[in-house]
file structure.pdb (PDB, C-alpha atoms and all ligand atoms)
ATOM      1  CA  MET U   1     114.400 113.154 -47.581  1.00  0.00           C
ATOM      2  CA  LYS U   2     112.493 110.924 -49.984  1.00  0.00           C
ATOM      3  CA  ILE U   3     114.840 108.465 -51.632  1.00  0.00           C
ATOM      4  CA  ILE U   4     113.908 106.653 -54.830  1.00  0.00           C
ATOM      5  CA  VAL U   5     116.185 104.030 -56.364  1.00  0.00           C
ATOM      6  CA  THR U   6     115.629 103.166 -60.015  1.00  0.00           C
ATOM      7  CA  LYS U   7     116.873 100.329 -62.211  1.00  0.00           C
ATOM      8  CA  THR U   8     117.928 102.505 -65.157  1.00  0.00           C
ATOM      9  CA  TYR U   9     118.931 106.058 -66.054  1.00  0.00           C
ATOM     10  CA  GLU U  10     115.814 106.264 -68.261  1.00  0.00           C
ATOM     11  CA  GLU U  11     113.555 105.461 -65.321  1.00  0.00           C
ATOM     12  CA  LEU U  12     115.387 107.985 -63.124  1.00  0.00           C
ATOM     13  CA  SER U  13     115.008 110.633 -65.836  1.00  0.00           C
ATOM     14  CA  ARG U  14     111.295 109.934 -66.319  1.00  0.00           C
ATOM     15  CA  LYS U  15     110.589 110.114 -62.593  1.00  0.00           C
ATOM     16  CA  ALA U  16     112.481 113.408 -62.205  1.00  0.00           C
ATOM     17  CA  ALA U  17     110.754 114.868 -65.287  1.00  0.00           C
ATOM     18  CA  ASN U  18     107.353 113.782 -63.960  1.00  0.00           C
ATOM     19  CA  LEU U  19     107.948 115.702 -60.724  1.00  0.00           C
ATOM     20  CA  PHE U  20     108.754 118.812 -62.770  1.00  0.00           C
ATOM     21  CA  ALA U  21     105.811 118.208 -65.094  1.00  0.00           C
ATOM     22  CA  SER U  22     103.336 117.901 -62.233  1.00  0.00           C
ATOM     23  CA  GLN U  23     104.700 121.158 -60.779  1.00  0.00           C
ATOM     24  CA  LEU U  24     104.092 122.893 -64.130  1.00  0.00           C
ATOM     25  CA  ILE U  25     100.617 121.391 -64.502  1.00  0.00           C
ATOM     26  CA  LEU U  26      99.626 122.588 -61.039  1.00  0.00           C
ATOM     27  CA  LYS U  27     101.324 125.991 -61.372  1.00  0.00           C
ATOM     28  CA  PRO U  28     101.923 127.024 -65.005  1.00  0.00           C
ATOM     29  CA  ASN U  29     103.844 130.141 -63.937  1.00  0.00           C
ATOM     30  CA  SER U  30     106.325 128.229 -61.783  1.00  0.00           C
ATOM     31  CA  VAL U  31     109.838 129.455 -61.150  1.00  0.00           C
ATOM     32  CA  ILE U  32     112.116 126.520 -61.935  1.00  0.00           C
ATOM     33  CA  GLY U  33     115.748 126.052 -60.937  1.00  0.00           C
ATOM     34  CA  LEU U  34     117.886 124.257 -63.509  1.00  0.00           C
ATOM     35  CA  ALA U  35     121.210 122.449 -63.421  1.00  0.00           C
ATOM     36  CA  THR U  36     123.850 121.408 -65.921  1.00  0.00           C
ATOM     37  CA  GLY U  37     126.134 118.371 -65.997  1.00  0.00           C
ATOM     38  CA  SER U  38     125.325 115.038 -67.588  1.00  0.00           C
ATOM     39  CA  SER U  39     122.918 113.845 -64.859  1.00  0.00           C
ATOM     40  CA  PRO U  40     119.836 115.961 -65.766  1.00  0.00           C
ATOM     41  CA  ILE U  41     120.166 115.538 -69.559  1.00  0.00           C
ATOM     42  CA  GLY U  42     117.759 112.567 -69.615  1.00  0.00           C
ATOM     43  CA  MET U  43     115.278 114.509 -67.512  1.00  0.00           C
ATOM     44  CA  TYR U  44     115.438 117.417 -69.975  1.00  0.00           C
ATOM     45  CA  GLN U  45     114.852 115.025 -72.891  1.00  0.00           C
ATOM     46  CA  GLU U  46     111.828 113.625 -71.128  1.00  0.00           C
ATOM     47  CA  LEU U  47     110.492 117.123 -70.345  1.00  0.00           C
ATOM     48  CA  ILE U  48     110.846 117.977 -74.061  1.00  0.00           C
ATOM     49  CA  ARG U  49     108.863 114.829 -74.887  1.00  0.00           C
ATOM     50  CA  ILE U  50     106.098 115.745 -72.418  1.00  0.00           C
ATOM     51  CA  TYR U  51     106.071 119.301 -73.847  1.00  0.00           C
ATOM     52  CA  ASN U  52     105.781 117.973 -77.419  1.00  0.00           C
ATOM     53  CA  ALA U  53     102.925 115.729 -76.314  1.00  0.00           C
ATOM     54  CA  GLY U  54     101.106 118.901 -75.222  1.00  0.00           C
ATOM     55  CA  ASP U  55     100.975 118.086 -71.522  1.00  0.00           C
ATOM     56  CA  ILE U  56     103.154 120.941 -70.255  1.00  0.00           C
ATOM     57  CA  ASP U  57     103.735 124.491 -71.407  1.00  0.00           C
ATOM     58  CA  PHE U  58     106.644 126.831 -70.597  1.00  0.00           C
ATOM     59  CA  GLU U  59     104.934 130.027 -71.793  1.00  0.00           C
ATOM     60  CA  GLU U  60     104.658 131.479 -68.268  1.00  0.00           C
ATOM     61  CA  VAL U  61     107.611 129.675 -66.678  1.00  0.00           C
ATOM     62  CA  VAL U  62     110.622 131.555 -65.305  1.00  0.00           C
ATOM     63  CA  SER U  63     113.948 129.741 -64.960  1.00  0.00           C
ATOM     64  CA  PHE U  64     117.140 130.261 -62.966  1.00  0.00           C
ATOM     65  CA  ASN U  65     120.257 128.184 -63.534  1.00  0.00           C
ATOM     66  CA  LEU U  66     122.583 127.314 -60.701  1.00  0.00           C
ATOM     67  CA  ASP U  67     125.927 128.351 -62.081  1.00  0.00           C
ATOM     68  CA  GLU U  68     128.297 129.283 -64.902  1.00  0.00           C
ATOM     69  CA  TYR U  69     132.039 129.147 -65.531  1.00  0.00           C
ATOM     70  CA  ILE U  70     133.799 132.480 -65.229  1.00  0.00           C
ATOM     71  CA  GLY U  71     135.427 133.533 -68.485  1.00  0.00           C
ATOM     72  CA  LEU U  72     133.161 131.609 -70.877  1.00  0.00           C
ATOM     73  CA  SER U  73     130.793 133.628 -73.045  1.00  0.00           C
ATOM     74  CA  PRO U  74     127.300 132.256 -73.811  1.00  0.00           C
ATOM     75  CA  ASP U  75     128.344 131.191 -77.323  1.00  0.00           C
ATOM     76  CA  ASN U  76     131.274 129.125 -76.032  1.00  0.00           C
ATOM     77  CA  GLU U  77     130.325 125.474 -76.493  1.00  0.00           C
ATOM     78  CA  GLN U  78     131.552 124.612 -73.007  1.00  0.00           C
ATOM     79  CA  SER U  79     129.523 127.316 -71.296  1.00  0.00           C
ATOM     80  CA  TYR U  80     126.456 126.392 -69.292  1.00  0.00           C
ATOM     81  CA  HIS U  81     124.492 128.943 -71.348  1.00  0.00           C
ATOM     82  CA  TYR U  82     125.306 126.899 -74.451  1.00  0.00           C
ATOM     83  CA  PHE U  83     124.542 123.610 -72.668  1.00  0.00           C
ATOM     84  CA  MET U  84     121.088 124.804 -71.644  1.00  0.00           C
ATOM     85  CA  GLU U  85     120.305 126.125 -75.116  1.00  0.00           C
ATOM     86  CA  GLN U  86     121.290 122.794 -76.703  1.00  0.00           C
ATOM     87  CA  ASN U  87     119.727 120.465 -74.172  1.00  0.00           C
ATOM     88  CA  LEU U  88     116.521 122.282 -73.277  1.00  0.00           C
ATOM     89  CA  PHE U  89     115.790 125.877 -74.231  1.00  0.00           C
ATOM     90  CA  SER U  90     115.913 125.502 -78.032  1.00  0.00           C
ATOM     91  CA  HIS U  91     113.312 122.701 -77.803  1.00  0.00           C
ATOM     92  CA  ILE U  92     110.625 124.375 -75.661  1.00  0.00           C
ATOM     93  CA  ASN U  93     108.681 127.646 -75.523  1.00  0.00           C
ATOM     94  CA  LEU U  94     110.382 129.187 -72.488  1.00  0.00           C
ATOM     95  CA  ARG U  95     110.606 132.917 -73.266  1.00  0.00           C
ATOM     96  CA  PRO U  96     114.208 134.201 -73.606  1.00  0.00           C
ATOM     97  CA  GLU U  97     113.398 137.070 -71.226  1.00  0.00           C
ATOM     98  CA  ASN U  98     112.321 134.557 -68.564  1.00  0.00           C
ATOM     99  CA  ILE U  99     115.612 132.610 -68.711  1.00  0.00           C
ATOM    100  CA  HIS U 100     118.272 133.488 -66.143  1.00  0.00           C
ATOM    101  CA  ILE U 101     121.803 132.089 -65.981  1.00  0.00           C
ATOM    102  CA  PRO U 102     124.583 133.788 -64.001  1.00  0.00           C
ATOM    103  CA  SER U 103     126.918 135.684 -66.336  1.00  0.00           C
ATOM    104  CA  GLY U 104     130.423 134.308 -66.620  1.00  0.00           C
ATOM    105  CA  ILE U 105     131.685 137.430 -68.357  1.00  0.00           C
ATOM    106  CA  ALA U 106     130.258 140.330 -66.318  1.00  0.00           C
ATOM    107  CA  LEU U 107     132.726 143.182 -65.837  1.00  0.00           C
ATOM    108  CA  ASP U 108     131.995 143.192 -62.112  1.00  0.00           C
ATOM    109  CA  MET U 109     131.285 139.643 -60.932  1.00  0.00           C
ATOM    110  CA  GLU U 110     130.384 140.749 -57.392  1.00  0.00           C
ATOM    111  CA  VAL U 111     127.661 143.031 -58.741  1.00  0.00           C
ATOM    112  CA  ALA U 112     126.498 140.258 -61.088  1.00  0.00           C
ATOM    113  CA  ALA U 113     126.181 137.892 -58.110  1.00  0.00           C
ATOM    114  CA  LYS U 114     124.144 140.364 -56.057  1.00  0.00           C
ATOM    115  CA  THR U 115     121.916 141.167 -59.029  1.00  0.00           C
ATOM    116  CA  TYR U 116     121.265 137.446 -59.527  1.00  0.00           C
ATOM    117  CA  ASP U 117     120.081 137.042 -55.920  1.00  0.00           C
ATOM    118  CA  LYS U 118     117.806 140.043 -56.351  1.00  0.00           C
ATOM    119  CA  MET U 119     116.274 138.611 -59.527  1.00  0.00           C
ATOM    120  CA  ILE U 120     115.514 135.285 -57.786  1.00  0.00           C
ATOM    121  CA  GLU U 121     113.912 137.183 -54.927  1.00  0.00           C
ATOM    122  CA  GLU U 122     111.860 139.401 -57.241  1.00  0.00           C
ATOM    123  CA  ALA U 123     110.599 136.340 -59.112  1.00  0.00           C
ATOM    124  CA  GLY U 124     109.209 135.095 -55.777  1.00  0.00           C
ATOM    125  CA  GLY U 125     111.819 132.397 -55.131  1.00  0.00           C
ATOM    126  CA  ILE U 126     112.258 129.035 -56.801  1.00  0.00           C
ATOM    127  CA  ASP U 127     109.350 126.574 -56.748  1.00  0.00           C
ATOM    128  CA  ILE U 128     111.294 123.496 -57.819  1.00  0.00           C
ATOM    129  CA  GLN U 129     115.050 123.065 -58.218  1.00  0.00           C
ATOM    130  CA  VAL U 130     116.847 120.188 -59.915  1.00  0.00           C
ATOM    131  CA  LEU U 131     120.333 119.325 -58.691  1.00  0.00           C
ATOM    132  CA  GLY U 132     123.107 116.950 -59.649  1.00  0.00           C
ATOM    133  CA  ILE U 133     125.924 116.204 -57.244  1.00  0.00           C
ATOM    134  CA  GLY U 134     129.677 116.415 -57.775  1.00  0.00           C
ATOM    135  CA  ASN U 135     131.959 113.496 -56.868  1.00  0.00           C
ATOM    136  CA  ASN U 136     133.074 115.580 -53.889  1.00  0.00           C
ATOM    137  CA  GLY U 137     129.513 116.316 -52.770  1.00  0.00           C
ATOM    138  CA  HIS U 138     129.218 119.758 -54.348  1.00  0.00           C
ATOM    139  CA  ILE U 139     125.842 121.141 -55.438  1.00  0.00           C
ATOM    140  CA  GLY U 140     125.812 123.874 -58.073  1.00  0.00           C
ATOM    141  CA  PHE U 141     129.447 124.883 -57.691  1.00  0.00           C
ATOM    142  CA  ASN U 142     129.336 125.025 -53.890  1.00  0.00           C
ATOM    143  CA  GLU U 143     132.616 123.255 -53.256  1.00  0.00           C
ATOM    144  CA  PRO U 144     133.623 121.574 -49.970  1.00  0.00           C
ATOM    145  CA  ASP U 145     134.621 124.358 -47.590  1.00  0.00           C
ATOM    146  CA  VAL U 146     134.864 125.253 -43.922  1.00  0.00           C
ATOM    147  CA  LYS U 147     131.590 127.205 -44.153  1.00  0.00           C
ATOM    148  CA  PHE U 148     128.448 127.320 -46.281  1.00  0.00           C
ATOM    149  CA  GLU U 149     128.236 130.272 -48.695  1.00  0.00           C
ATOM    150  CA  ALA U 150     124.702 131.614 -48.472  1.00  0.00           C
ATOM    151  CA  ARG U 151     124.234 133.610 -51.646  1.00  0.00           C
ATOM    152  CA  THR U 152     125.398 133.722 -55.239  1.00  0.00           C
ATOM    153  CA  HIS U 153     129.177 133.973 -55.131  1.00  0.00           C
ATOM    154  CA  ILE U 154     132.436 133.481 -56.969  1.00  0.00           C
ATOM    155  CA  VAL U 155     134.039 130.078 -56.497  1.00  0.00           C
ATOM    156  CA  GLU U 156     137.586 128.824 -56.879  1.00  0.00           C
ATOM    157  CA  LEU U 157     137.058 125.326 -58.328  1.00  0.00           C
ATOM    158  CA  GLU U 158     138.648 122.331 -56.614  1.00  0.00           C
ATOM    159  CA  GLN U 159     141.239 120.318 -58.530  1.00  0.00           C
ATOM    160  CA  ASP U 160     138.999 117.210 -58.478  1.00  0.00           C
ATOM    161  CA  THR U 161     136.082 119.201 -59.935  1.00  0.00           C
ATOM    162  CA  ILE U 162     138.352 120.528 -62.691  1.00  0.00           C
ATOM    163  CA  GLU U 163     139.490 116.958 -63.392  1.00  0.00           C
ATOM    164  CA  ALA U 164     135.921 115.574 -63.342  1.00  0.00           C
ATOM    165  CA  ASN U 165     134.671 118.294 -65.703  1.00  0.00           C
ATOM    166  CA  ALA U 166     137.697 118.082 -68.041  1.00  0.00           C
ATOM    167  CA  ARG U 167     135.842 115.384 -69.996  1.00  0.00           C
ATOM    168  CA  PHE U 168     133.738 118.108 -71.610  1.00  0.00           C
ATOM    169  CA  PHE U 169     136.808 120.101 -72.771  1.00  0.00           C
ATOM    170  CA  ASN U 170     139.589 119.384 -75.306  1.00  0.00           C
ATOM    171  CA  ALA U 171     142.265 119.618 -72.607  1.00  0.00           C
ATOM    172  CA  ILE U 172     142.298 120.055 -68.837  1.00  0.00           C
ATOM    173  CA  GLU U 173     144.079 123.416 -69.262  1.00  0.00           C
ATOM    174  CA  GLU U 174     140.931 124.728 -70.949  1.00  0.00           C
ATOM    175  CA  VAL U 175     138.718 124.108 -67.897  1.00  0.00           C
ATOM    176  CA  PRO U 176     138.041 127.428 -66.155  1.00  0.00           C
ATOM    177  CA  THR U 177     139.323 127.565 -62.582  1.00  0.00           C
ATOM    178  CA  LYS U 178     136.544 129.837 -61.344  1.00  0.00           C
ATOM    179  CA  ALA U 179     132.779 129.837 -61.477  1.00  0.00           C
ATOM    180  CA  ILE U 180     129.796 131.859 -60.270  1.00  0.00           C
ATOM    181  CA  SER U 181     127.236 129.810 -58.361  1.00  0.00           C
ATOM    182  CA  MET U 182     124.038 130.201 -56.415  1.00  0.00           C
ATOM    183  CA  GLY U 183     124.743 129.707 -52.723  1.00  0.00           C
ATOM    184  CA  ILE U 184     123.414 127.170 -50.260  1.00  0.00           C
ATOM    185  CA  LYS U 185     120.713 129.525 -48.975  1.00  0.00           C
ATOM    186  CA  ASN U 186     119.466 130.184 -52.521  1.00  0.00           C
ATOM    187  CA  ILE U 187     119.188 126.428 -53.034  1.00  0.00           C
ATOM    188  CA  MET U 188     117.691 125.693 -49.615  1.00  0.00           C
ATOM    189  CA  GLN U 189     115.007 128.356 -50.123  1.00  0.00           C
ATOM    190  CA  SER U 190     113.642 126.465 -53.135  1.00  0.00           C
ATOM    191  CA  ARG U 191     110.268 125.088 -52.154  1.00  0.00           C
ATOM    192  CA  LYS U 192     110.994 121.657 -53.670  1.00  0.00           C
ATOM    193  CA  ILE U 193     114.287 120.034 -54.583  1.00  0.00           C
ATOM    194  CA  VAL U 194     114.893 117.048 -56.857  1.00  0.00           C
ATOM    195  CA  LEU U 195     118.437 115.659 -56.898  1.00  0.00           C
ATOM    196  CA  VAL U 196     119.495 113.070 -59.476  1.00  0.00           C
ATOM    197  CA  ALA U 197     122.667 110.980 -59.307  1.00  0.00           C
ATOM    198  CA  THR U 198     123.878 107.966 -61.244  1.00  0.00           C
ATOM    199  CA  GLY U 199     126.879 105.675 -61.263  1.00  0.00           C
ATOM    200  CA  GLU U 200     129.359 104.253 -58.817  1.00  0.00           C
ATOM    201  CA  GLY U 201     131.471 107.408 -58.902  1.00  0.00           C
ATOM    202  CA  LYS U 202     128.733 109.251 -57.000  1.00  0.00           C
ATOM    203  CA  ALA U 203     128.090 106.518 -54.384  1.00  0.00           C
ATOM    204  CA  LYS U 204     130.390 107.941 -51.710  1.00  0.00           C
ATOM    205  CA  ALA U 205     129.081 111.499 -52.056  1.00  0.00           C
ATOM    206  CA  VAL U 206     125.495 110.162 -52.025  1.00  0.00           C
ATOM    207  CA  GLN U 207     126.132 108.191 -48.854  1.00  0.00           C
ATOM    208  CA  GLY U 208     127.655 111.250 -47.156  1.00  0.00           C
ATOM    209  CA  MET U 209     124.759 113.432 -48.304  1.00  0.00           C
ATOM    210  CA  ILE U 210     122.111 111.095 -46.864  1.00  0.00           C
ATOM    211  CA  GLU U 211     123.786 109.332 -43.940  1.00  0.00           C
ATOM    212  CA  GLY U 212     126.726 111.518 -42.988  1.00  0.00           C
ATOM    213  CA  PRO U 213     126.946 114.548 -40.717  1.00  0.00           C
ATOM    214  CA  ILE U 214     125.675 117.890 -42.027  1.00  0.00           C
ATOM    215  CA  THR U 215     128.874 119.674 -42.922  1.00  0.00           C
ATOM    216  CA  PRO U 216     130.133 122.254 -45.431  1.00  0.00           C
ATOM    217  CA  GLU U 217     132.857 119.718 -46.198  1.00  0.00           C
ATOM    218  CA  LEU U 218     130.152 117.790 -48.064  1.00  0.00           C
ATOM    219  CA  PRO U 219     127.841 120.606 -49.193  1.00  0.00           C
ATOM    220  CA  ALA U 220     124.963 118.336 -50.333  1.00  0.00           C
ATOM    221  CA  SER U 221     124.594 117.070 -46.732  1.00  0.00           C
ATOM    222  CA  VAL U 222     122.768 120.326 -45.935  1.00  0.00           C
ATOM    223  CA  LEU U 223     119.804 118.945 -47.923  1.00  0.00           C
ATOM    224  CA  GLN U 224     119.014 116.766 -44.890  1.00  0.00           C
ATOM    225  CA  LEU U 225     117.549 119.971 -43.413  1.00  0.00           C
ATOM    226  CA  HIS U 226     115.246 120.690 -46.368  1.00  0.00           C
ATOM    227  CA  PRO U 227     111.545 119.855 -45.849  1.00  0.00           C
ATOM    228  CA  ASP U 228     110.824 118.669 -49.409  1.00  0.00           C
ATOM    229  CA  VAL U 229     113.744 117.000 -51.142  1.00  0.00           C
ATOM    230  CA  THR U 230     113.474 113.967 -53.402  1.00  0.00           C
ATOM    231  CA  ILE U 231     116.662 112.098 -54.241  1.00  0.00           C
ATOM    232  CA  ILE U 232     116.491 109.840 -57.293  1.00  0.00           C
ATOM    233  CA  LEU U 233     119.378 107.407 -57.661  1.00  0.00           C
ATOM    234  CA  ASP U 234     120.272 104.471 -59.816  1.00  0.00           C
ATOM    235  CA  GLU U 235     121.408 101.313 -58.039  1.00  0.00           C
ATOM    236  CA  ALA U 236     125.111 102.107 -58.449  1.00  0.00           C
ATOM    237  CA  ALA U 237     124.776 105.575 -56.912  1.00  0.00           C
ATOM    238  CA  ALA U 238     122.733 104.053 -54.060  1.00  0.00           C
ATOM    239  CA  SER U 239     125.125 101.130 -53.513  1.00  0.00           C
ATOM    240  CA  LEU U 240     126.813 102.435 -50.338  1.00  0.00           C
ATOM    241  CA  LEU U 241     123.589 103.336 -48.526  1.00  0.00           C
ATOM    242  CA  SER U 242     123.017 101.253 -45.413  1.00  0.00           C
ATOM    243  CA  LYS U 243     119.333 100.567 -46.112  1.00  0.00           C
TER     244      LYS U 243
HETATM  245  C1  LIG S 301     129.167 120.384 -62.351  1.00  0.00           C
HETATM  246  C2  LIG S 301     127.945 121.248 -62.066  1.00  0.00           C
HETATM  247  C3  LIG S 301     127.027 120.594 -61.049  1.00  0.00           C
HETATM  248  C4  LIG S 301     126.810 119.142 -61.395  1.00  0.00           C
HETATM  249  C5  LIG S 301     128.125 118.408 -61.382  1.00  0.00           C
HETATM  250  C6  LIG S 301     127.985 116.922 -61.668  1.00  0.00           C
HETATM  251  O1  LIG S 301     130.223 120.633 -61.519  1.00  0.00           O
HETATM  252  N1  LIG S 301     128.290 122.569 -61.605  1.00  0.00           N
HETATM  253  O2  LIG S 301     125.793 121.312 -61.027  1.00  0.00           O
HETATM  254  O3  LIG S 301     125.907 118.557 -60.498  1.00  0.00           O
HETATM  255  O4  LIG S 301     128.940 118.990 -62.382  1.00  0.00           O
HETATM  256  O5  LIG S 301     127.972 116.704 -63.043  1.00  0.00           O
HETATM  257  P1  LIG S 301     127.541 115.367 -63.742  1.00  0.00           P
HETATM  258  O6  LIG S 301     126.065 115.305 -63.639  1.00  0.00           O
HETATM  259  O7  LIG S 301     128.008 115.505 -65.153  1.00  0.00           O
HETATM  260  O8  LIG S 301     128.216 114.268 -63.019  1.00  0.00           O
END
call {"tool": "encode", "arguments": {"input": "structure.pdb", "output": "structure tokens"}}
result
Amino acid sequence: MKIIVTKTYEELSRKAANLFASQLILKPNSVIGLATGSSPIGMYQELIRIYNAGDIDFEEVVSFNLDEYIGLSPDNEQSYHYFMEQNLFSHINLRPENIHIPSGIALDMEVAAKTYDKMIEEAGGIDIQVLGIGNNGHIGFNEPDVKFEARTHIVELEQDTIEANARFFNAIEEVPTKAISMGIKNIMQSRKIVLVATGEGKAKAVQGMIEGPITPELPASVLQLHPDVTIILDEAAASLLSK
């Protein structure tokens, strides 16, 4: 694990974006794995800036998002489809047919999950995946559990995740209780992983991820086994690390 601690969110965002940008410069037809949540927003803004400066191009890029709430249609402002459109896709030249986000409204969610795995496989796997981390150590929507879920699956969200994500909704009752998420194997098979985390609220999960035992009770701890993971933290998120 490479660990980088930055002074500001802007610096963290620039560093994460630069890792993505260098991937796209070296391999213009990269398959990129994208995440939602507030943590990668700065990185997306920086990628848009680099794109506008003419240094990267998304023409041949294929993208796969980690997850989506079940029950929210793409035009729902709280959906991850909507989030990605607002924060990244509407600003760059990624082709709509190359964008993949799990469907939250498929008639058969199990089939949708299997189809998603197949599409990732057929695209040749993910070259670089960005991750945030939940307060409870979740990645994507892989919640603390007694076992790791390998593939794209349906998740029952934890109460603390619902509470943490309620800030994006009008009322906590509006937060969906289920989601569809890539599994741990999907994430671990990405050739490179960049995880970004900021703020004191993430410090405990970050410490467990880096210094704790590898356990499905703190899903991000599995990243200790990945050969190419870069963790970019601000000082608050890094504050409980021993060195
Ligand atoms: C959600 C997403 C995760 C994200 C997490 C943290 O639960 N499914 O992918 O990492 O929130 O979000 P934030 O970055 O807003 O703290």
call {"tool": "closest_residue", "arguments": {"input": "structure.pdb", "among": "U:Pro176, U:Thr215, U:Lys204, U:Ser30", "to": "Gly124 (chain U)", "atoms": "only C-alpha atoms"}}
result
U:Ser30
call {"tool": "residues_near_ligand", "arguments": {"input": "structure.pdb", "ligand": "ligand LIG 301 (chain S)", "cutoff": "6 Å", "atoms": "all atoms listed in the file", "output": "PyMOL selection string"}}
result
chain U and resi 35-39+131-134+139-141
call {"tool": "resolve_selection", "arguments": {"input": "structure.pdb", "expression": "the PyMOL selection byres (((chain U and resi 70-73) around 10) and not hetatm)", "output": "JSON, numbers by chain"}}
result
{"U": [67, 68, 69, 74, 75, 76, 77, 78, 79, 80, 81, 82, 102, 103, 104, 105, 106, 109, 154, 155, 156, 175, 176, 177, 178, 179, 180, 181]}
call {"tool": "resolve_selection", "arguments": {"input": "structure.pdb", "expression": "the PyMOL selection byres (((chain U and resi 16-28) around 10) and not hetatm)", "output": "number ranges by chain"}}
result
U: 10-15, 29-32, 40, 42-51, 55-62, 127-130, 192-196, 230-232
call {"tool": "residues_around", "arguments": {"input": "structure.pdb", "residues": "His100 (chain U)", "least_positions_apart": "4", "cutoff": "8 Å", "atoms": "only C-alpha atoms", "output": "count of residues only"}}
result
4
call {"tool": "atom_distance", "arguments": {"input": "structure.pdb", "atom1": "CA of Glu97 (chain U)", "atom2": "CA of Phe168 (chain U)"}}
result
27.8 Å
call {"tool": "closest_residue", "arguments": {"input": "structure.pdb", "among": "U:Gln207, U:Asn98, U:Asn170, U:Thr152", "to": "Ala123 (chain U)", "atoms": "all atoms listed in the file"}}
result
U:Asn98
call {"tool": "closest_residue", "arguments": {"input": "structure.pdb", "among": "U:Asp234, U:Lys2, U:Ala220, U:Lys185", "to": "Glu121 (chain U)", "atoms": "only C-alpha atoms"}}
result
U:Lys185
call {"tool": "residues_near_point", "arguments": {"input": "structure.pdb", "point": "(135.8, 117.7, -60.2)", "cutoff": "10 Å", "atoms": "only C-alpha atoms", "output": "VMD selection string"}}
result
chain U and resid 134 to 138 141 143 157 to 166
call {"tool": "resolve_selection", "arguments": {"input": "structure.pdb", "expression": "the PyMOL selection byres (((chain U and resi 235) around 7) and not hetatm)", "output": "ChimeraX atom specification"}}
result
/U:5-7,233-234,236-239
call {"tool": "atom_distance", "arguments": {"input": "structure.pdb", "atom1": "CA of Pro144 (chain U)", "atom2": "CA of Pro219 (chain U)"}}
result
5.9 Å
call {"tool": "residues_near_point", "arguments": {"input": "structure.pdb", "point": "(123.7, 129.0, -50.4)", "cutoff": "8 Å", "atoms": "all atoms listed in the file", "output": "number ranges by chain"}}
result
U: 142, 148-152, 182-188
call {"tool": "atom_distance", "arguments": {"input": "structure.pdb", "atom1": "CA of Ser221 (chain U)", "atom2": "CA of Gly208 (chain U)"}}
result
6.6 Å
call {"tool": "closest_residue", "arguments": {"input": "structure.pdb", "among": "U:Glu174, U:Met84, U:Leu107, U:Leu218", "to": "Val146 (chain U)", "atoms": "all atoms listed in the file"}}
result
U:Leu218
